[in-house]
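Novice: I'd like to ask you about the structure that follows.
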Amino acid sequence: MNADKRLGKLKATDAAPPGGGYGEAAAAHNKSLSIHRWANWIAGFSGEFARNAILRYSQNDKGAVVLDPFVGVGTTLIEANRLGLDSIGFEINPFAALVCRVKLGVADVCLRQLRDGVQGYGNFMDDASSMEPQSLPPAEFRSRIPFFSPAVERKVLLTLDYINDLPTQIKDIFRVAFASVMVDFSNYSYEPSLATRPSAGKSLIADAEVARIMAAKLGDMVEDIAEFQQEAALRQAQDIRGNDSTDWRIHERSFFDAESCLDAASVDLVVTSPPYMNNYHYVRNSRPQLFWSGLVHSPSDLKPLEAGNFGKFWQTVRGDAPIPLTPQLPQLEQEIAEIRGINNDRGIYGGNGWANYVTSYMNDLDKFCGLLNQVLKPGGTAVVVVGNSIVQGHEIKVEERLCDIAELRGLSVLSVAKLRERVGSSIINSGARLRSRENSGLYDAAVALCRCRLPLQ
Ligand SMILES: C[S@@+](CC[C@H](N)C(=O)[O-])C[C@H]1O[C@@H](n2cnc3c(N)ncnc32)[C@H](O)[C@@H]1O
């Protein structure tokens with residue numbers, strides 16, 4: 001599509017209802033939504049957004065298969081499941097994949113067993129005052145300051161002792177509960193990246209009511225599971241296909257390896273948000289959960305997660321020779337050349353590193369669109385949420401570049417909807433990341449793409 005037509009399309013969507021008609025899209029909204037609220041994750045969009053996108057594009061087809069190639073903690077798959085649709089997710093981060101699996105398993109949880117487990121945990125911690133924990137801190141987990149203060153660490157290790165003795169399904173629910181609250185009683189906090197509390201102007205946590213914090217989280221989870229199972233029973237009574245009859249699968253691997261486990265033309269609808277072009281380091285920021293939940297054991301276990309991450313982290317490409325751009329887009333090539341020319345005197349912090357970062361992101365968007373065109377059924381739709389970015393002071397309209405790349409890969413652009421202004425990090429000058437409050441202009445956009453029904457001539 002040429003630029004004028006694209007402009008026409010963007011103008012048309014400007015007139016659409018606020019947020020493109022997808023409802024409250026902000027991922028922060030998940031904190032108040034049943035099941036979605038279990039674990040914080042930089043999520044891209046809310047449960048309400050995912051539900052509205054599915055309702056709009058699955059055409060109420062009960063046989064539809066929904067895919068999220070970057071499933072995170074499962075916002076899309078939970079909503080597909082609630083709507084009685086089969087779903088598939090890919091997630092490279094084992095902690096996010098665990099949360100997603102546990103959330104999707106709610107239909108099968110034995111509530112009585114879970115309630116007993118929660119009660120038993122309270123009793124165990126009450127009786128544990130003189131006990132020596134059996135569990136040990138993860139041997140190769142390193143932090144700049146002690147991650148937990150000694151009094152907290154003792155309670156954490158006792159909690160892990162209790163979790164280790166639970167039956168598998170209940171154990172995983174407890175693991176998710178623990179992983180989602182553990183930073184709250186640590187000497188670190190999310191700002192939004194993981195930072196020591198003192199560096200964020202907060203005091204160290206000498207002691208904390210670990211058992212009470214865990215019990216509150218588990219209480220929310222029990223409540224949500226009970227509600228989910230009641231809704232499922234109601235749907236079954238009304239003979240509506242529901243969660244217990246839907247299939248879901250989480251592949252704990254990179255979507256770029258999807259060809260080996262996903263058939264061509266097998267997906268009706270994709271609702272997803274790949275990592276944004278803001279260099280948010282999912283792997284580093286989830287190190288505490290990965291190590292303390294026993295999902296990784298050594299820093300070398302993190303390397304494949306970093307290497308396979310969509311878009312590559314700036315830290316891993318900043319020292320490389322210029323990376324060639326794969327999509328043939330002269331305007332984008334020009335944009336990247338401009339970034340490469342900025343702050344050349346700053347070595348790895350200068351333009352070349354950031355140009356490499358942008359290039360690898362665009363190359364991955366290109367691979368992603370190629371895969372979408374393979375796995376979508378003809379006529380299938382993909383709703384992709386991305387954010388614009390400011391790199392070295394240069395704004396990159398990621399949603400527009402995504403449209404260009406998608407069209408090169410044979411997909412059609414159905415709509416582009418600006419969802420909301422967003423607060424986050426923008427990458428401004430040679431490695432300095434400033435808050436968007438100081439540099440307004442960051443936003444999220446939902447791009448709807450469609451695989452043509454007929455092969456392109
Ligand atoms: C913006 S988040 C998506 C969050 C998701 N919408 C949710 O509801 O939680 C992007 C996710 O992509 C994952 N990811 C990064 N590279 C990946 C890859 N190559 N394959 C699969 N997942 C990947 C990250 O770990 C992260 O969880």
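As shown in the structure tokens, the chain order sets the letters A, B, ...; within each chain, residues go from 1, and ligands are also counted from 1 in the order they appear.
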Among segment 110-244 of chain A, which ones does DSSP place in helix (DSSP H, G or I), written as a ChimeraX atom specification?
Specialist: /A:111-130,150-164,168-185,198-200,210-237,243-244
Novice: Restrict the calculation to only C-alpha atoms and all ligand atoms, then for each residue of chain A with any atom at most 7 Å from an atom of ligand 1 give the closest atom pair and their distance in Å to one decimal, rows by chain and rising residue number, as a tab-separated table.
Specialist:
residue	atom	partner	partner_atom_place_in_ligand_line	distance
A:Trp41	CA	ligand 1	9 (O)	5.8
A:Ile42	CA	ligand 1	1 (C)	5.9
A:Ala43	CA	ligand 1	4 (C)	3.6
A:Gly44	CA	ligand 1	1 (C)	4.7
A:Phe45	CA	ligand 1	6 (N)	6.0
A:Pro69	CA	ligand 1	21 (C)	5.8
A:Phe70	CA	ligand 1	12 (O)	4.0
A:Val71	CA	ligand 1	5 (C)	4.8
A:Gly72	CA	ligand 1	9 (O)	3.5
A:Val73	CA	ligand 1	9 (O)	3.9
A:Gly74	CA	ligand 1	8 (O)	4.6
A:Thr75	CA	ligand 1	8 (O)	3.7
A:Thr76	CA	ligand 1	8 (O)	6.1
A:Phe90	CA	ligand 1	21 (C)	5.0
A:Glu91	CA	ligand 1	22 (N)	3.8
A:Ile92	CA	ligand 1	22 (N)	4.3
A:Asn93	CA	ligand 1	25 (O)	4.7
A:Ala96	CA	ligand 1	27 (O)	6.1
A:Arg253	CA	ligand 1	21 (C)	6.1
A:Ser254	CA	ligand 1	20 (N)	3.3
A:Phe255	CA	ligand 1	20 (N)	4.0
A:Phe256	CA	ligand 1	19 (N)	5.8
A:Thr272	CA	ligand 1	6 (N)	5.7
A:Ser273	CA	ligand 1	1 (C)	4.9
A:Pro274	CA	ligand 1	10 (C)	4.5
A:Pro275	CA	ligand 1	10 (C)	4.2
A:Tyr276	CA	ligand 1	1 (C)	6.3
A:Tyr282	CA	ligand 1	25 (O)	5.7
A:Gly308	CA	ligand 1	19 (N)	5.1
A:Asn309	CA	ligand 1	16 (N)	3.6
A:Phe310	CA	ligand 1	16 (N)	3.8
Novice: Within 10 Å of segment 347-354 of chain A, which residues of segment 296-324 of chain A show up? Give each one with its shortest atom-to-atom distance in Å (one decimal) and the two atoms involved, counting only C-alpha atoms, rows by chain then rising residue number, as CSV.
Specialist:
residue,atom,partner,partner_atom,distance
A:Trp314,CA,A:Trp354,CA,6.8
A:Gln315,CA,A:Gly353,CA,8.4
A:Thr316,CA,A:Gly353,CA,9.2
A:Val317,CA,A:Gly353,CA,6.4
A:Arg318,CA,A:Gly353,CA,3.6
A:Gly319,CA,A:Ile348,CA,5.5
A:Asp320,CA,A:Gly353,CA,7.3
A:Ala321,CA,A:Asn352,CA,8.0
A:Pro322,CA,A:Asn352,CA,6.8
A:Ile323,CA,A:Asn352,CA,9.3
Novice: Let me see the file: selected residues, N, CA and C atoms, as a compact mmCIF listing (two decimals), in the first residue's frame.
Specialist:
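And here's result_3.txt as it stands now:
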# COMPACT_ATOMS: atom_id res chain seq x y z
N TRP A 314 19.70 -4.80 23.26
CA TRP A 314 20.72 -3.87 22.78
C TRP A 314 22.11 -4.30 23.27
N GLN A 315 22.18 -4.78 24.53
CA GLN A 315 23.47 -5.17 25.11
C GLN A 315 24.15 -6.25 24.28
N THR A 316 23.36 -7.08 23.56
CA THR A 316 23.96 -8.20 22.84
C THR A 316 24.34 -7.83 21.39
N VAL A 317 23.92 -6.66 20.89
CA VAL A 317 24.26 -6.30 19.50
C VAL A 317 25.02 -4.99 19.38
N ARG A 318 25.18 -4.28 20.51
CA ARG A 318 25.76 -2.92 20.44
C ARG A 318 27.20 -2.92 19.95
N GLY A 319 27.94 -4.02 20.20
CA GLY A 319 29.35 -4.03 19.80
C GLY A 319 29.58 -4.67 18.44
N ASP A 320 28.50 -5.09 17.77
CA ASP A 320 28.67 -5.81 16.49
C ASP A 320 28.89 -4.84 15.32
N ALA A 321 29.45 -5.38 14.25
CA ALA A 321 29.54 -4.63 13.00
C ALA A 321 28.10 -4.38 12.53
N PRO A 322 27.91 -3.38 11.65
CA PRO A 322 26.53 -3.08 11.22
C PRO A 322 25.79 -4.34 10.74
N ILE A 323 24.60 -4.54 11.28
CA ILE A 323 23.80 -5.73 10.92
C ILE A 323 22.96 -5.36 9.70
Novice: For segment 21-27 of chain A, list every protein, DNA or RNA residue within 8 Å, evaluated using only C-alpha atoms, and leave out those in the same chain fewer than 4 positions away; present the list as a PyMOL selection string.
Specialist: chain A and resi 16-17+42-49+52-53+419-420
Novice: With C-alpha atoms retained, export the selected residues as a CSV table (one decimal), in the first residue's frame.
Specialist:
chain,number,residue,atom,x,y,z
A,16,ALA,CA,-12.9,5.1,15.1
A,17,PRO,CA,-14.0,5.0,18.7
A,42,ILE,CA,4.9,-6.3,31.1
A,43,ALA,CA,2.0,-7.5,29.0
A,44,GLY,CA,1.1,-5.3,26.0
A,45,PHE,CA,-2.6,-5.4,26.6
A,46,SER,CA,-5.4,-6.3,29.0
A,47,GLY,CA,-7.8,-9.2,29.1
A,48,GLU,CA,-10.6,-6.9,28.0
A,49,PHE,CA,-8.6,-6.0,24.9
A,52,ASN,CA,-12.7,-7.8,22.3
A,53,ALA,CA,-10.2,-8.6,19.6
A,419,LEU,CA,-4.9,2.5,21.7
A,420,ARG,CA,-3.5,4.9,24.2
Novice: I'd like the contact shell of Lys155 of chain A - 9 Å cut-off, only C-alpha atoms, skipping same-chain residues fewer than 4 positions apart - returned as a list of chain:residue names.
Specialist: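 After dropping sequence-adjacent residues, the list is A:Met125, A:Ala128, A:Pro133, A:Pro150, A:Ala151, A:Thr159, A:Leu160, A:Ala208, A:Glu209, A:Val210, A:Ala211.
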Novice: For Val416 of chain A, which of A:Ala200, A:Ile390, A:Val384, A:Leu67 is the closest residue, counting only C-alpha atoms?
Specialist: A:Val384
Novice: If you count only C-alpha atoms, which residues fall within 8 Å of segment 81-89 of chain A, apart from same-chain ones fewer than 6 positions away, as a PyMOL selection string?
Specialist: chain A and resi 62-71+74+104+241-243+245-251
Novice: Would you list the contacts of segment 163-179 of chain A as a list of chain:residue names, taking every protein, DNA or RNA residue within 8 Å and counting only C-alpha atoms, but skipping same-chain residues closer than 5 positions in sequence?
Specialist: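 These residues fall inside the cut-off: A:Trp38, A:Ala39, A:Leu98, A:Val99, A:Val102, A:Val109, A:Gln113, A:Leu114, A:Gly117, A:Met214, A:Lys217, A:Leu218, A:Gln289, A:Trp292, A:Ser293.
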Novice: For segment 402-414 of chain A, list every protein, DNA or RNA residue within 9 Å, evaluated using only C-alpha atoms, and leave out those in the same chain fewer than 4 positions away; present the list as a PDB file with C-alpha atoms, in the first residue's frame.
Specialist:
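Once written, selection.pdb looks like this:
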ATOM      1  CA  MET A   1       0.000   0.000   0.000  1.00  0.00           C
ATOM      2  CA  ARG A   6      -1.866   4.272   4.295  1.00  0.00           C
ATOM      3  CA  LYS A   9      -6.364   4.230   6.383  1.00  0.00           C
ATOM      4  CA  PRO A 327      13.170  -6.380   4.634  1.00  0.00           C
ATOM      5  CA  GLN A 328      13.701  -4.384   1.445  1.00  0.00           C
ATOM      6  CA  LEU A 329      12.440  -0.997   2.641  1.00  0.00           C
ATOM      7  CA  MET A 362      12.907  -5.074  12.224  1.00  0.00           C
ATOM      8  CA  LEU A 365       9.329  -8.402  12.625  1.00  0.00           C
ATOM      9  CA  ASP A 366      10.099  -9.611   9.106  1.00  0.00           C
ATOM     10  CA  PHE A 368       7.440 -12.963  12.367  1.00  0.00           C
ATOM     11  CA  CYS A 369       5.300 -11.703   9.458  1.00  0.00           C
ATOM     12  CA  GLY A 370       6.670 -14.471   7.226  1.00  0.00           C
ATOM     13  CA  LEU A 372       2.215 -15.437  10.263  1.00  0.00           C
ATOM     14  CA  ASN A 373       1.599 -15.778   6.557  1.00  0.00           C
ATOM     15  CA  THR A 381      -6.501 -12.368  10.946  1.00  0.00           C
ATOM     16  CA  VAL A 386       3.195  -2.716  19.231  1.00  0.00           C
ATOM     17  CA  LYS A 397       6.645   4.466  14.280  1.00  0.00           C
ATOM     18  CA  VAL A 398       6.835   0.728  14.768  1.00  0.00           C
ATOM     19  CA  VAL A 447      -2.428  -3.421  13.825  1.00  0.00           C
ATOM     20  CA  ALA A 448      -4.909  -5.869  12.288  1.00  0.00           C
ATOM     21  CA  LEU A 449      -3.450  -7.923   9.431  1.00  0.00           C
ATOM     22  CA  CYS A 450      -5.111 -10.475   7.202  1.00  0.00           C
ATOM     23  CA  ARG A 451      -3.806 -13.351   5.143  1.00  0.00           C
ATOM     24  CA  CYS A 452      -5.240 -13.087   1.640  1.00  0.00           C
ATOM     25  CA  PRO A 455      -2.404 -16.604  -3.434  1.00  0.00           C
ATOM     26  CA  LEU A 456      -0.911 -13.268  -4.554  1.00  0.00           C
TER      27      LEU A 456
END
Novice: If you run DSSP over the backbone, which residues in segment 279-439 of chain A end up strand (DSSP E or B)? Put them as number ranges by chain.
Specialist: A: 376-387, 389-391, 394-396, 411-421, 425-429, 432-435
Novice: For a test of reading the model, state the distance in Å between atom CA of Ala355 of chain A and atom CA of Ala337 of chain A, rounded to one decimal.
Specialist: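 Calculated distance between atom CA of Ala355 of chain A and atom CA of Ala337 of chain A is 7.3 Å.
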Novice: Quick check, in Å to one decimal: how far apart do atom CA of Glu335 of chain A and atom CA of Tyr443 of chain A lie?
Specialist: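 Those two atoms sit 19.6 Å apart.
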Novice: Would you work out the distance separating atom CA of Ala80 of chain A from atom CA of Asp268 of chain A, expressed in Å to one decimal?
Specialist: 12.0 Å
